[in-house]
Amino acid sequence: MPAALETQVGIVGAGPAGLLLAHLLHLNGIDSVIVERRDRDYVIDRVRAGVLEQGTVDLLMAMGVGEGVRSRGLRHDGLYVSFKGQRHRVDLADLTGGKAITVYGQNEVVRDLIDARLETGRPLYFEADRVAVDGLDSDRPVIRFDHDGQDHELRCGFIAGCDGFRGICRPSIPAAALNVYERTYPFGWLGILAEAAPACEELVYTLHDRGFALFSMRSPTVTRLYFQVPPDESIDKWSDDAIWAEMLTRMTTRDGWAPNVGRIIQKGVTPMRSFVAAPMRHGRLFLAGDAAHIVPPTGAKGLNLAASDVLVLARAFKGFYKCGRTDWLDEYSAVCERRVWKAQRFSWWMTSSMHRFPDETAFDRQRQIADLDYLTSSRAAMTSLAEQYVGLPAEVSFESAGLPQ
Ligand code: FAD
Ligand code: DHB
């Protein structure tokens, strides 16, 4: 006999989307159970995103889980775009009336949120096996899973599918009920973490003849760097010396600026994809974050979109459980999709203007340079980049999701 459990919102996945949603629900007195396939250390140690939009930082603060980002996050008022060997600064704060981005690793965000969850005493099952969802069209959907050798059946008011791109929730929706929009790119990113002090206080996005490169950081002693490689590149092909040679070739500018070199402590290759599945709801299953959409990382939007989805979803569940309203549930997908598509457009544009494409012509190259030349010399163009990079205004107010303004 499976162990019978019950909750208002069953959450599949303890990534940023699932953990943020769980805490938003907790703050509204709504109970939830999180079911996660991996163990705690694996979930925390995965090296992924690092840039938080202004609104994501504000959300963490308003939720009372912002102490880490406040004390250890690195606020950046600007960024650099580099091409033809020269860096050009975009003053994000000046162009957006004081908004900025904060560099704070996804690992840290997830660690802070797991700590907050454990403090609430509400359930979070790590290492859940054979997770499956059922009864999505009924008013009592279930999540089934094995934990510690015991079958569980979790009966839910709603299910939140926060299980990322390769999770089980989206594939549980009948294919005919979903529209899928997809684009893959003919390159990926090779990324490293290195024990080296950041050589610049802000991010540097570079277009070089040999392809895209990105300078970022994680702390005053750790540098994070990426460069464009073929999509199926094996990391084993790259010795540490070869990685540094390629990084320095692409990033060094004519004034002699270059990243500091240090011991490489992590490396990997990430493929690039744009993907949207909509509507983000089927019956009582609601998809949020990477389970519903993927952006190429160039615009640094993936984690931020997960946060904006769950703010809208928390409002919907709060409206239902606290006021008996269903309109916010019904609007959920449409409200999220507007932001998702703007982030898709921005990420596609950043990616297209700064990467080398295998089939590009000399004309395309010159147009790309002109694009960046225009961008960095026009206040109007820089303002457009800046307002999107720091994050467009939230779709719904914090107050409507039960948070103080
Ligand atoms: P996830 O973080 O993927 O979390 C989903 C969770 O669900 C995971 O913990 C997973 O273990 C769990 N899960 C999956 N299947 C099941 C199951 N069957 N049952 C239970 N649990 C399950 N974004 C950027 O902005 N910049 C970057 O540099 C960047 N780099 C990235 C590198 C990689 C390799 C990847 C995969 C993504 C990267 N992203 C980046 C995107 C960003 O990390 C994601 O947008 C963000 O993690 C989305 O959060 P999420 O909670 O929706 O999904
Ligand atoms: C980082 C990742 C990104 O995708 C990006 O656009 C900027 C920074 C990072 O990992 O720091």
# chains A, B, ... in the order shown; residues from 1 in each chain; ligands from 1
$ closest_atom_pairs --of "range 210-267 of chain A" --to "range 343-359 of chain A" --cutoff "9 Å" --atoms "only C-alpha atoms" --output "tab-separated table"
residue	atom	partner	partner_atom	distance
A:Arg210	CA	A:Arg356	CA	7.5
A:Gly211	CA	A:Arg356	CA	5.1
A:Phe212	CA	A:His355	CA	4.9
A:Ala213	CA	A:His355	CA	8.6
A:Gln228	CA	A:His355	CA	7.3
$ closest_atom_pairs --of "chain A" --to "ligand 1" --cutoff "7 Å" --atoms "only C-alpha atoms and all ligand atoms" --output "CSV"
residue,atom,partner,partner_atom_place_in_ligand_line,distance
A:Val12,CA,ligand 1,20 (C),5.1
A:Gly13,CA,ligand 1,7 (O),3.3
A:Ala14,CA,ligand 1,9 (O),4.6
A:Gly15,CA,ligand 1,4 (O),3.5
A:Pro16,CA,ligand 1,51 (O),3.9
A:Ala17,CA,ligand 1,51 (O),3.7
A:Gly18,CA,ligand 1,51 (O),5.7
A:Val35,CA,ligand 1,20 (C),5.5
A:Glu36,CA,ligand 1,21 (N),3.8
A:Arg37,CA,ligand 1,20 (C),4.0
A:Arg38,CA,ligand 1,11 (O),5.1
A:Val43,CA,ligand 1,9 (O),5.4
A:Val47,CA,ligand 1,32 (C),6.8
A:Arg48,CA,ligand 1,30 (N),4.0
A:Ala49,CA,ligand 1,27 (C),3.5
A:Gly50,CA,ligand 1,26 (N),6.0
A:Val51,CA,ligand 1,25 (O),6.4
A:Gln106,CA,ligand 1,43 (O),7.0
A:Ala128,CA,ligand 1,20 (C),6.6
A:Val131,CA,ligand 1,19 (N),5.0
A:Cys162,CA,ligand 1,52 (O),5.5
A:Asp163,CA,ligand 1,7 (O),3.3
A:Gly164,CA,ligand 1,3 (O),3.7
A:Phe165,CA,ligand 1,3 (O),6.3
A:Arg166,CA,ligand 1,15 (N),6.0
A:Gly167,CA,ligand 1,15 (N),3.7
A:Ile168,CA,ligand 1,18 (N),4.8
A:Thr270,CA,ligand 1,34 (C),5.2
A:Ala288,CA,ligand 1,52 (O),6.2
A:Gly289,CA,ligand 1,52 (O),3.4
A:Asp290,CA,ligand 1,52 (O),3.9
A:Ala291,CA,ligand 1,52 (O),5.9
A:Ile294,CA,ligand 1,45 (O),6.5
A:Pro297,CA,ligand 1,26 (N),4.6
A:Gly299,CA,ligand 1,25 (O),6.9
A:Ala300,CA,ligand 1,25 (O),3.5
A:Lys301,CA,ligand 1,25 (O),4.6
A:Gly302,CA,ligand 1,45 (O),3.2
A:Leu303,CA,ligand 1,45 (O),4.1
A:Ala306,CA,ligand 1,52 (O),5.1
$ select_by_dssp --residues "range 63-148 of chain A" --states "strand (DSSP E or B)" --output "mmCIF file with all heavy atoms, in the first residue's frame"
data_model
loop_
_atom_site.group_PDB
_atom_site.id
_atom_site.type_symbol
_atom_site.label_atom_id
_atom_site.label_comp_id
_atom_site.auth_asym_id
_atom_site.auth_seq_id
_atom_site.Cartn_x
_atom_site.Cartn_y
_atom_site.Cartn_z
ATOM 1 N N LEU A 74 26.946 40.737 -5.671
ATOM 2 C CA LEU A 74 27.761 41.831 -6.196
ATOM 3 C C LEU A 74 26.873 42.679 -7.107
ATOM 4 O O LEU A 74 26.467 42.233 -8.180
ATOM 5 C CB LEU A 74 28.951 41.266 -6.991
ATOM 6 C CG LEU A 74 29.834 40.248 -6.250
ATOM 7 C CD1 LEU A 74 30.806 39.568 -7.224
ATOM 8 C CD2 LEU A 74 30.596 40.925 -5.109
ATOM 9 N N ARG A 75 26.557 43.886 -6.640
ATOM 10 C CA ARG A 75 25.694 44.760 -7.439
ATOM 11 C C ARG A 75 26.512 45.378 -8.576
ATOM 12 O O ARG A 75 27.601 45.903 -8.346
ATOM 13 C CB ARG A 75 25.118 45.863 -6.532
ATOM 14 C CG ARG A 75 24.193 46.817 -7.271
ATOM 15 C CD ARG A 75 23.788 47.997 -6.385
ATOM 16 N NE ARG A 75 23.493 49.160 -7.208
ATOM 17 C CZ ARG A 75 22.256 49.558 -7.508
ATOM 18 N NH1 ARG A 75 21.220 48.933 -7.048
ATOM 19 N NH2 ARG A 75 22.066 50.608 -8.293
ATOM 20 N N HIS A 76 25.977 45.296 -9.796
ATOM 21 C CA HIS A 76 26.664 45.875 -10.952
ATOM 22 C C HIS A 76 25.784 46.964 -11.559
ATOM 23 O O HIS A 76 24.672 46.678 -12.007
ATOM 24 C CB HIS A 76 26.914 44.822 -12.044
ATOM 25 C CG HIS A 76 27.950 43.807 -11.666
ATOM 26 N ND1 HIS A 76 28.498 42.940 -12.577
ATOM 27 C CD2 HIS A 76 28.543 43.532 -10.480
ATOM 28 C CE1 HIS A 76 29.381 42.163 -11.972
ATOM 29 N NE2 HIS A 76 29.421 42.498 -10.700
ATOM 30 N N LEU A 79 27.557 47.260 -17.564
ATOM 31 C CA LEU A 79 28.234 46.124 -18.194
ATOM 32 C C LEU A 79 29.003 46.652 -19.404
ATOM 33 O O LEU A 79 28.809 47.801 -19.817
ATOM 34 C CB LEU A 79 27.248 45.029 -18.591
ATOM 35 C CG LEU A 79 26.117 45.342 -19.564
ATOM 36 C CD1 LEU A 79 26.556 45.446 -21.020
ATOM 37 C CD2 LEU A 79 25.049 44.249 -19.472
ATOM 38 N N TYR A 80 29.876 45.810 -19.946
ATOM 39 C CA TYR A 80 30.646 46.202 -21.129
ATOM 40 C C TYR A 80 30.271 45.337 -22.318
ATOM 41 O O TYR A 80 30.023 44.130 -22.163
ATOM 42 C CB TYR A 80 32.148 46.033 -20.877
ATOM 43 C CG TYR A 80 32.720 47.033 -19.921
ATOM 44 C CD1 TYR A 80 32.729 46.775 -18.548
ATOM 45 C CD2 TYR A 80 33.254 48.248 -20.374
ATOM 46 C CE1 TYR A 80 33.251 47.700 -17.651
ATOM 47 C CE2 TYR A 80 33.787 49.172 -19.470
ATOM 48 C CZ TYR A 80 33.772 48.894 -18.114
ATOM 49 O OH TYR A 80 34.289 49.817 -17.241
ATOM 50 N N VAL A 81 30.245 45.975 -23.492
ATOM 51 C CA VAL A 81 30.132 45.256 -24.760
ATOM 52 C C VAL A 81 31.449 45.502 -25.484
ATOM 53 O O VAL A 81 31.874 46.659 -25.628
ATOM 54 C CB VAL A 81 28.945 45.767 -25.594
ATOM 55 C CG1 VAL A 81 28.924 45.102 -26.962
ATOM 56 C CG2 VAL A 81 27.628 45.530 -24.851
ATOM 57 N N SER A 82 32.117 44.415 -25.894
ATOM 58 C CA SER A 82 33.446 44.545 -26.481
ATOM 59 C C SER A 82 33.444 44.007 -27.912
ATOM 60 O O SER A 82 32.936 42.912 -28.159
ATOM 61 C CB SER A 82 34.434 43.754 -25.607
ATOM 62 O OG SER A 82 35.712 43.752 -26.169
ATOM 63 N N PHE A 83 33.994 44.801 -28.844
ATOM 64 C CA PHE A 83 34.148 44.323 -30.222
ATOM 65 C C PHE A 83 35.271 45.123 -30.860
ATOM 66 O O PHE A 83 35.599 46.203 -30.401
ATOM 67 C CB PHE A 83 32.842 44.450 -31.030
ATOM 68 C CG PHE A 83 32.299 45.847 -31.117
ATOM 69 C CD1 PHE A 83 32.524 46.627 -32.231
ATOM 70 C CD2 PHE A 83 31.571 46.382 -30.055
ATOM 71 C CE1 PHE A 83 32.036 47.928 -32.303
ATOM 72 C CE2 PHE A 83 31.085 47.684 -30.116
ATOM 73 C CZ PHE A 83 31.319 48.457 -31.244
ATOM 74 N N GLN A 86 37.843 46.607 -28.428
ATOM 75 C CA GLN A 86 37.580 47.721 -27.527
ATOM 76 C C GLN A 86 36.340 47.477 -26.676
ATOM 77 O O GLN A 86 35.330 46.999 -27.194
ATOM 78 C CB GLN A 86 37.371 48.987 -28.361
ATOM 79 C CG GLN A 86 37.877 50.211 -27.673
ATOM 80 C CD GLN A 86 37.701 51.452 -28.550
ATOM 81 O OE1 GLN A 86 37.679 51.356 -29.785
ATOM 82 N NE2 GLN A 86 37.566 52.601 -27.935
ATOM 83 N N ARG A 87 36.426 47.818 -25.380
ATOM 84 C CA ARG A 87 35.272 47.671 -24.487
ATOM 85 C C ARG A 87 34.466 48.966 -24.453
ATOM 86 O O ARG A 87 35.047 50.050 -24.385
ATOM 87 C CB ARG A 87 35.757 47.374 -23.056
ATOM 88 C CG ARG A 87 36.151 45.942 -22.820
ATOM 89 C CD ARG A 87 36.551 45.739 -21.369
ATOM 90 N NE ARG A 87 37.701 46.552 -20.993
ATOM 91 C CZ ARG A 87 38.067 46.814 -19.741
ATOM 92 N NH1 ARG A 87 37.365 46.344 -18.736
ATOM 93 N NH2 ARG A 87 39.131 47.539 -19.484
ATOM 94 N N HIS A 88 33.143 48.841 -24.474
ATOM 95 C CA HIS A 88 32.260 50.007 -24.415
ATOM 96 C C HIS A 88 31.316 49.799 -23.228
ATOM 97 O O HIS A 88 30.640 48.768 -23.150
ATOM 98 C CB HIS A 88 31.426 50.128 -25.699
ATOM 99 C CG HIS A 88 32.269 50.177 -26.940
ATOM 100 N ND1 HIS A 88 32.557 51.340 -27.608
ATOM 101 C CD2 HIS A 88 32.899 49.182 -27.628
ATOM 102 C CE1 HIS A 88 33.327 51.073 -28.646
ATOM 103 N NE2 HIS A 88 33.558 49.764 -28.686
ATOM 104 N N ARG A 89 31.226 50.756 -22.327
ATOM 105 C CA ARG A 89 30.411 50.558 -21.123
ATOM 106 C C ARG A 89 28.966 50.983 -21.368
ATOM 107 O O ARG A 89 28.697 52.018 -21.987
ATOM 108 C CB ARG A 89 30.994 51.357 -19.951
ATOM 109 C CG ARG A 89 30.246 51.086 -18.648
ATOM 110 C CD ARG A 89 31.070 51.490 -17.439
ATOM 111 N NE ARG A 89 30.417 51.081 -16.209
ATOM 112 C CZ ARG A 89 29.535 51.822 -15.542
ATOM 113 N NH1 ARG A 89 29.211 53.020 -15.975
ATOM 114 N NH2 ARG A 89 28.964 51.363 -14.432
ATOM 115 N N VAL A 90 28.049 50.172 -20.871
ATOM 116 C CA VAL A 90 26.627 50.523 -20.871
ATOM 117 C C VAL A 90 26.271 50.768 -19.404
ATOM 118 O O VAL A 90 26.381 49.850 -18.580
ATOM 119 C CB VAL A 90 25.764 49.386 -21.460
ATOM 120 C CG1 VAL A 90 24.282 49.757 -21.418
ATOM 121 C CG2 VAL A 90 26.202 49.050 -22.886
ATOM 122 N N ILE A 101 21.857 45.070 -11.918
ATOM 123 C CA ILE A 101 21.776 43.619 -11.791
ATOM 124 C C ILE A 101 22.678 43.211 -10.624
ATOM 125 O O ILE A 101 23.561 43.978 -10.223
ATOM 126 C CB ILE A 101 22.192 42.869 -13.078
ATOM 127 C CG1 ILE A 101 23.566 43.318 -13.574
ATOM 128 C CG2 ILE A 101 21.140 43.057 -14.169
ATOM 129 C CD1 ILE A 101 24.569 42.279 -13.672
ATOM 130 N N THR A 102 22.456 42.016 -10.096
ATOM 131 C CA THR A 102 23.302 41.527 -9.007
ATOM 132 C C THR A 102 23.843 40.159 -9.386
ATOM 133 O O THR A 102 23.084 39.279 -9.808
ATOM 134 C CB THR A 102 22.488 41.432 -7.699
ATOM 135 O OG1 THR A 102 22.031 42.744 -7.363
ATOM 136 C CG2 THR A 102 23.338 40.897 -6.553
ATOM 137 N N VAL A 103 25.161 40.008 -9.280
ATOM 138 C CA VAL A 103 25.773 38.709 -9.539
ATOM 139 C C VAL A 103 25.758 37.907 -8.238
ATOM 140 O O VAL A 103 26.354 38.311 -7.227
ATOM 141 C CB VAL A 103 27.208 38.882 -10.082
ATOM 142 C CG1 VAL A 103 27.926 37.544 -10.135
ATOM 143 C CG2 VAL A 103 27.155 39.511 -11.477
ATOM 144 N N LEU A 124 9.908 18.492 2.216
ATOM 145 C CA LEU A 124 10.719 18.563 0.991
ATOM 146 C C LEU A 124 11.393 17.198 0.866
ATOM 147 O O LEU A 124 12.254 16.847 1.684
ATOM 148 C CB LEU A 124 11.755 19.694 1.115
ATOM 149 C CG LEU A 124 12.957 19.737 0.174
ATOM 150 C CD1 LEU A 124 12.563 19.535 -1.279
ATOM 151 C CD2 LEU A 124 13.693 21.067 0.316
ATOM 152 N N TYR A 125 10.968 16.401 -0.090
ATOM 153 C CA TYR A 125 11.530 15.061 -0.294
ATOM 154 C C TYR A 125 12.638 15.135 -1.335
ATOM 155 O O TYR A 125 12.366 15.383 -2.511
ATOM 156 C CB TYR A 125 10.455 14.085 -0.790
ATOM 157 C CG TYR A 125 9.394 13.762 0.240
ATOM 158 C CD1 TYR A 125 8.233 14.523 0.340
ATOM 159 C CD2 TYR A 125 9.565 12.684 1.108
ATOM 160 C CE1 TYR A 125 7.262 14.231 1.276
ATOM 161 C CE2 TYR A 125 8.597 12.385 2.055
ATOM 162 C CZ TYR A 125 7.449 13.153 2.131
ATOM 163 O OH TYR A 125 6.493 12.851 3.068
ATOM 164 N N ASP A 129 12.141 8.865 -6.241
ATOM 165 C CA ASP A 129 12.319 8.021 -7.429
ATOM 166 C C ASP A 129 10.997 7.845 -8.156
ATOM 167 O O ASP A 129 9.942 7.922 -7.528
ATOM 168 C CB ASP A 129 12.782 6.633 -6.953
ATOM 169 C CG ASP A 129 14.118 6.290 -7.545
ATOM 170 O OD1 ASP A 129 14.587 7.073 -8.385
ATOM 171 O OD2 ASP A 129 14.680 5.247 -7.145
ATOM 172 N N ARG A 130 11.060 7.544 -9.457
ATOM 173 C CA ARG A 130 9.872 7.189 -10.243
ATOM 174 C C ARG A 130 8.716 8.181 -9.993
ATOM 175 O O ARG A 130 7.592 7.795 -9.704
ATOM 176 C CB ARG A 130 9.433 5.752 -9.924
ATOM 177 C CG ARG A 130 10.552 4.730 -10.263
ATOM 178 C CD ARG A 130 10.046 3.333 -10.445
ATOM 179 N NE ARG A 130 9.429 2.809 -9.256
ATOM 180 C CZ ARG A 130 8.223 2.263 -9.190
ATOM 181 N NH1 ARG A 130 7.479 2.183 -10.272
ATOM 182 N NH2 ARG A 130 7.763 1.793 -8.047
ATOM 183 N N VAL A 131 9.041 9.481 -10.127
ATOM 184 C CA VAL A 131 8.019 10.509 -9.893
ATOM 185 C C VAL A 131 7.072 10.543 -11.100
ATOM 186 O O VAL A 131 7.509 10.537 -12.251
ATOM 187 C CB VAL A 131 8.685 11.888 -9.704
ATOM 188 C CG1 VAL A 131 7.643 12.971 -9.439
ATOM 189 C CG2 VAL A 131 9.711 11.838 -8.578
ATOM 190 N N ALA A 132 5.762 10.567 -10.837
ATOM 191 C CA ALA A 132 4.775 10.619 -11.927
ATOM 192 C C ALA A 132 3.572 11.436 -11.468
ATOM 193 O O ALA A 132 3.266 11.485 -10.271
ATOM 194 C CB ALA A 132 4.327 9.194 -12.294
ATOM 195 N N VAL A 133 2.913 12.079 -12.424
ATOM 196 C CA VAL A 133 1.694 12.838 -12.087
ATOM 197 C C VAL A 133 0.511 12.216 -12.814
ATOM 198 O O VAL A 133 0.659 11.646 -13.901
ATOM 199 C CB VAL A 133 1.837 14.338 -12.449
ATOM 200 C CG1 VAL A 133 2.925 14.987 -11.618
ATOM 201 C CG2 VAL A 133 2.119 14.547 -13.930
ATOM 202 N N ASP A 134 -0.661 12.357 -12.203
ATOM 203 C CA ASP A 134 -1.859 11.699 -12.757
ATOM 204 C C ASP A 134 -3.102 12.502 -12.364
ATOM 205 O O ASP A 134 -3.057 13.295 -11.420
ATOM 206 C CB ASP A 134 -1.946 10.279 -12.170
ATOM 207 C CG ASP A 134 -2.810 9.374 -13.038
ATOM 208 O OD1 ASP A 134 -3.253 9.836 -14.115
ATOM 209 O OD2 ASP A 134 -3.038 8.226 -12.629
ATOM 210 N N VAL A 142 -2.813 13.718 -8.559
ATOM 211 C CA VAL A 142 -1.882 13.077 -7.627
ATOM 212 C C VAL A 142 -0.446 13.086 -8.167
ATOM 213 O O VAL A 142 -0.221 13.076 -9.388
ATOM 214 C CB VAL A 142 -2.264 11.600 -7.318
ATOM 215 C CG1 VAL A 142 -3.592 11.517 -6.587
ATOM 216 C CG2 VAL A 142 -2.273 10.757 -8.565
ATOM 217 N N ILE A 143 0.483 13.099 -7.229
ATOM 218 C CA ILE A 143 1.899 12.874 -7.550
ATOM 219 C C ILE A 143 2.272 11.548 -6.893
ATOM 220 O O ILE A 143 2.056 11.370 -5.687
ATOM 221 C CB ILE A 143 2.806 14.000 -6.996
ATOM 222 C CG1 ILE A 143 2.366 15.368 -7.520
ATOM 223 C CG2 ILE A 143 4.270 13.730 -7.365
ATOM 224 C CD1 ILE A 143 3.160 16.552 -6.933
ATOM 225 N N ARG A 144 2.792 10.612 -7.675
ATOM 226 C CA ARG A 144 3.256 9.332 -7.107
ATOM 227 C C ARG A 144 4.778 9.321 -7.125
ATOM 228 O O ARG A 144 5.393 9.783 -8.092
ATOM 229 C CB ARG A 144 2.745 8.154 -7.946
ATOM 230 C CG ARG A 144 1.257 8.032 -7.919
ATOM 231 C CD ARG A 144 0.751 6.648 -8.337
ATOM 232 N NE ARG A 144 -0.696 6.662 -8.217
ATOM 233 C CZ ARG A 144 -1.507 7.140 -9.150
ATOM 234 N NH1 ARG A 144 -1.020 7.569 -10.301
ATOM 235 N NH2 ARG A 144 -2.812 7.164 -8.954
ATOM 236 N N PHE A 145 5.368 8.804 -6.081
ATOM 237 C CA PHE A 145 6.833 8.694 -6.047
ATOM 238 C C PHE A 145 7.262 7.676 -5.008
ATOM 239 O O PHE A 145 6.495 7.333 -4.095
ATOM 240 C CB PHE A 145 7.473 10.069 -5.746
ATOM 241 C CG PHE A 145 7.103 10.672 -4.413
ATOM 242 C CD1 PHE A 145 7.956 10.573 -3.311
ATOM 243 C CD2 PHE A 145 5.905 11.369 -4.246
ATOM 244 C CE1 PHE A 145 7.628 11.147 -2.083
ATOM 245 C CE2 PHE A 145 5.560 11.950 -3.021
ATOM 246 C CZ PHE A 145 6.421 11.831 -1.947
ATOM 247 N N ASP A 146 8.498 7.202 -5.176
ATOM 248 C CA ASP A 146 9.113 6.311 -4.187
ATOM 249 C C ASP A 146 10.093 7.130 -3.370
ATOM 250 O O ASP A 146 10.830 7.950 -3.932
ATOM 251 C CB ASP A 146 9.948 5.216 -4.879
ATOM 252 C CG ASP A 146 9.074 4.208 -5.573
ATOM 253 O OD1 ASP A 146 7.838 4.358 -5.492
ATOM 254 O OD2 ASP A 146 9.641 3.298 -6.199
ATOM 255 N N HIS A 147 10.102 6.883 -2.081
ATOM 256 C CA HIS A 147 11.086 7.560 -1.243
ATOM 257 C C HIS A 147 11.510 6.603 -0.146
ATOM 258 O O HIS A 147 10.657 6.040 0.546
ATOM 259 C CB HIS A 147 10.480 8.840 -0.631
ATOM 260 C CG HIS A 147 11.495 9.680 0.062
ATOM 261 N ND1 HIS A 147 11.622 9.734 1.424
ATOM 262 C CD2 HIS A 147 12.459 10.488 -0.439
ATOM 263 C CE1 HIS A 147 12.621 10.542 1.738
ATOM 264 N NE2 HIS A 147 13.142 11.015 0.628
#
$ select_by_dssp --residues "range 54-276 of chain A" --states "helix (DSSP H, G or I)" --output "MDAnalysis selection string"
chainID A and resid 54:62 67:72 92:95 106:120 170:172 175:177 235:237 240:251
$ closest_residue --among "A:Thr326, A:Leu20, A:Ser239, A:Val390" --to "Gly98 in chain A" --atoms "only C-alpha atoms"
A:Val390
$ residues_around --residues "Trp257 in chain A" --least-positions-apart "3" --cutoff "9 Å" --atoms "only C-alpha atoms" --output "tab-separated table (two decimals) with C-alpha atoms, in the first residue's frame"
chain	number	residue	atom	x	y	z
A	199	ALA	CA	39.94	41.58	-13.60
A	200	CYS	CA	36.98	43.89	-14.17
A	251	MET	CA	38.86	38.67	-24.59
A	252	THR	CA	42.10	40.67	-24.55
A	253	THR	CA	41.40	44.23	-25.69
A	254	ARG	CA	43.73	46.69	-27.42
$ closest_residue --among "A:Asp373, A:Glu195, A:Glu53, A:Glu246" --to "ligand 2" --atoms "only C-alpha atoms and all ligand atoms"
A:Glu53
$ closest_residue --among "A:Pro296, A:Asp115, A:Glu201, A:Ala177" --to "ligand 2" --atoms "only C-alpha atoms and all ligand atoms"
A:Pro296
$ closest_residue --among "A:His152, A:Arg140, A:Arg379, A:Arg218" --to "ligand 2" --atoms "only C-alpha atoms and all ligand atoms"
A:Arg218
$ closest_residue --among "A:Cys156, A:Cys336, A:Ala196, A:Val110" --to "Asp31 in chain A" --atoms "only C-alpha atoms"
A:Cys156
$ closest_residue --among "A:Met280, A:Leu190, A:Ala394, A:Ala242" --to "ligand 2" --atoms "only C-alpha atoms and all ligand atoms"
A:Leu190
$ residues_around --residues "Val396 in chain A" --least-positions-apart "2" --cutoff "8 Å" --atoms "only C-alpha atoms" --output "count of residues only"
6
$ atom_distance --atom1 "CA of Phe275 in chain A" --atom2 "CA of Thr184 in chain A"
8.4 Å
